[in-house]
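Just below is one structure, and these are the notes that go with it.
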Amino acid sequence: MAKKTTSKRKEYTKDDVKLLKAHSKARTPVAKLAKLMKRSEGSLRQKARSLGIGLGHQR
């Protein structure tokens, strides 16, 4: 029987939030930001939405 994988969640630190806000202001593309922060685009979009900030270069 195949082993079941579990998802690993990475909490957002204060520095992560600060970086996310800075890139929001700079209008960095989400794909580029996802690689930089080593998180999925969906995760970044959800966090930005919960913080009430826009994300991406085309908003």
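Just so we're on the same page: first chain in the structure tokens is A, next is B, and so on; residues restart at 1 for each chain, and ligands are numbered from 1 in the order they show up.
Once Gly42 in chain A and its same-chain neighbours fewer than 3 positions away are set aside, Val30, Ala31, Leu33, Ala34, Lys38, Arg39, Arg45, Gln46, Lys47, Ala48, Arg49, Leu55 and Gly56 of chain A remain within 12 Å of it when counting only C-alpha atoms.
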Write a file of the selected residues as a PDB file, in the first residue's frame, keeping N, CA and C atoms.
```pdb
ATOM      1  N   VAL A  30       2.626  37.782  -9.405  1.00  0.00           N
ATOM      2  CA  VAL A  30       2.438  36.756  -8.375  1.00  0.00           C
ATOM      3  C   VAL A  30       3.323  35.533  -8.619  1.00  0.00           C
ATOM      4  N   ALA A  31       3.514  35.151  -9.878  1.00  0.00           N
ATOM      5  CA  ALA A  31       4.345  33.987 -10.192  1.00  0.00           C
ATOM      6  C   ALA A  31       5.783  34.204  -9.719  1.00  0.00           C
ATOM      7  N   LEU A  33       6.749  36.282  -7.345  1.00  0.00           N
ATOM      8  CA  LEU A  33       6.709  36.363  -5.887  1.00  0.00           C
ATOM      9  C   LEU A  33       6.604  34.964  -5.265  1.00  0.00           C
ATOM     10  N   ALA A  34       5.855  34.082  -5.915  1.00  0.00           N
ATOM     11  CA  ALA A  34       5.692  32.712  -5.418  1.00  0.00           C
ATOM     12  C   ALA A  34       7.031  31.981  -5.391  1.00  0.00           C
ATOM     13  N   LYS A  38       8.861  30.943  -1.997  1.00  0.00           N
ATOM     14  CA  LYS A  38       8.692  29.485  -1.931  1.00  0.00           C
ATOM     15  C   LYS A  38       7.327  29.105  -1.366  1.00  0.00           C
ATOM     16  N   ARG A  39       6.301  29.735  -1.912  1.00  0.00           N
ATOM     17  CA  ARG A  39       4.910  29.441  -1.548  1.00  0.00           C
ATOM     18  C   ARG A  39       4.090  29.401  -2.828  1.00  0.00           C
ATOM     19  N   ARG A  45      -2.198  34.656  -2.598  1.00  0.00           N
ATOM     20  CA  ARG A  45      -3.434  35.387  -2.877  1.00  0.00           C
ATOM     21  C   ARG A  45      -4.387  35.368  -1.682  1.00  0.00           C
ATOM     22  N   GLN A  46      -4.488  34.203  -1.027  1.00  0.00           N
ATOM     23  CA  GLN A  46      -5.354  34.085   0.144  1.00  0.00           C
ATOM     24  C   GLN A  46      -4.870  34.979   1.276  1.00  0.00           C
ATOM     25  N   LYS A  47      -3.559  34.992   1.506  1.00  0.00           N
ATOM     26  CA  LYS A  47      -3.001  35.808   2.589  1.00  0.00           C
ATOM     27  C   LYS A  47      -3.201  37.290   2.284  1.00  0.00           C
ATOM     28  N   ALA A  48      -2.975  37.682   1.032  1.00  0.00           N
ATOM     29  CA  ALA A  48      -3.152  39.075   0.638  1.00  0.00           C
ATOM     30  C   ALA A  48      -4.615  39.499   0.825  1.00  0.00           C
ATOM     31  N   ARG A  49      -5.518  38.603   0.475  1.00  0.00           N
ATOM     32  CA  ARG A  49      -6.948  38.900   0.629  1.00  0.00           C
ATOM     33  C   ARG A  49      -7.314  39.075   2.099  1.00  0.00           C
ATOM     34  N   LEU A  55      -2.808  42.141  -4.998  1.00  0.00           N
ATOM     35  CA  LEU A  55      -1.601  41.408  -5.333  1.00  0.00           C
ATOM     36  C   LEU A  55      -1.524  41.221  -6.835  1.00  0.00           C
ATOM     37  N   GLY A  56      -0.330  41.309  -7.388  1.00  0.00           N
ATOM     38  CA  GLY A  56      -0.131  41.105  -8.817  1.00  0.00           C
ATOM     39  C   GLY A  56       0.034  42.404  -9.559  1.00  0.00           C
TER      40      GLY A  56
END
```
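The coordinates place CA of Thr6 in chain A at 27.5 Å from CA of Leu19 in chain A.
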Pick from A:Ser7, A:Met1, A:His57, A:Val17 nearest to Leu44 in chain A, counting only C-alpha atoms = A:Val17
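Minimum distance to Gly54 in chain A across A:Met37, A:Lys14, A:Thr5, A:Pro29 (counting only C-alpha atoms) occurs at A:Pro29.
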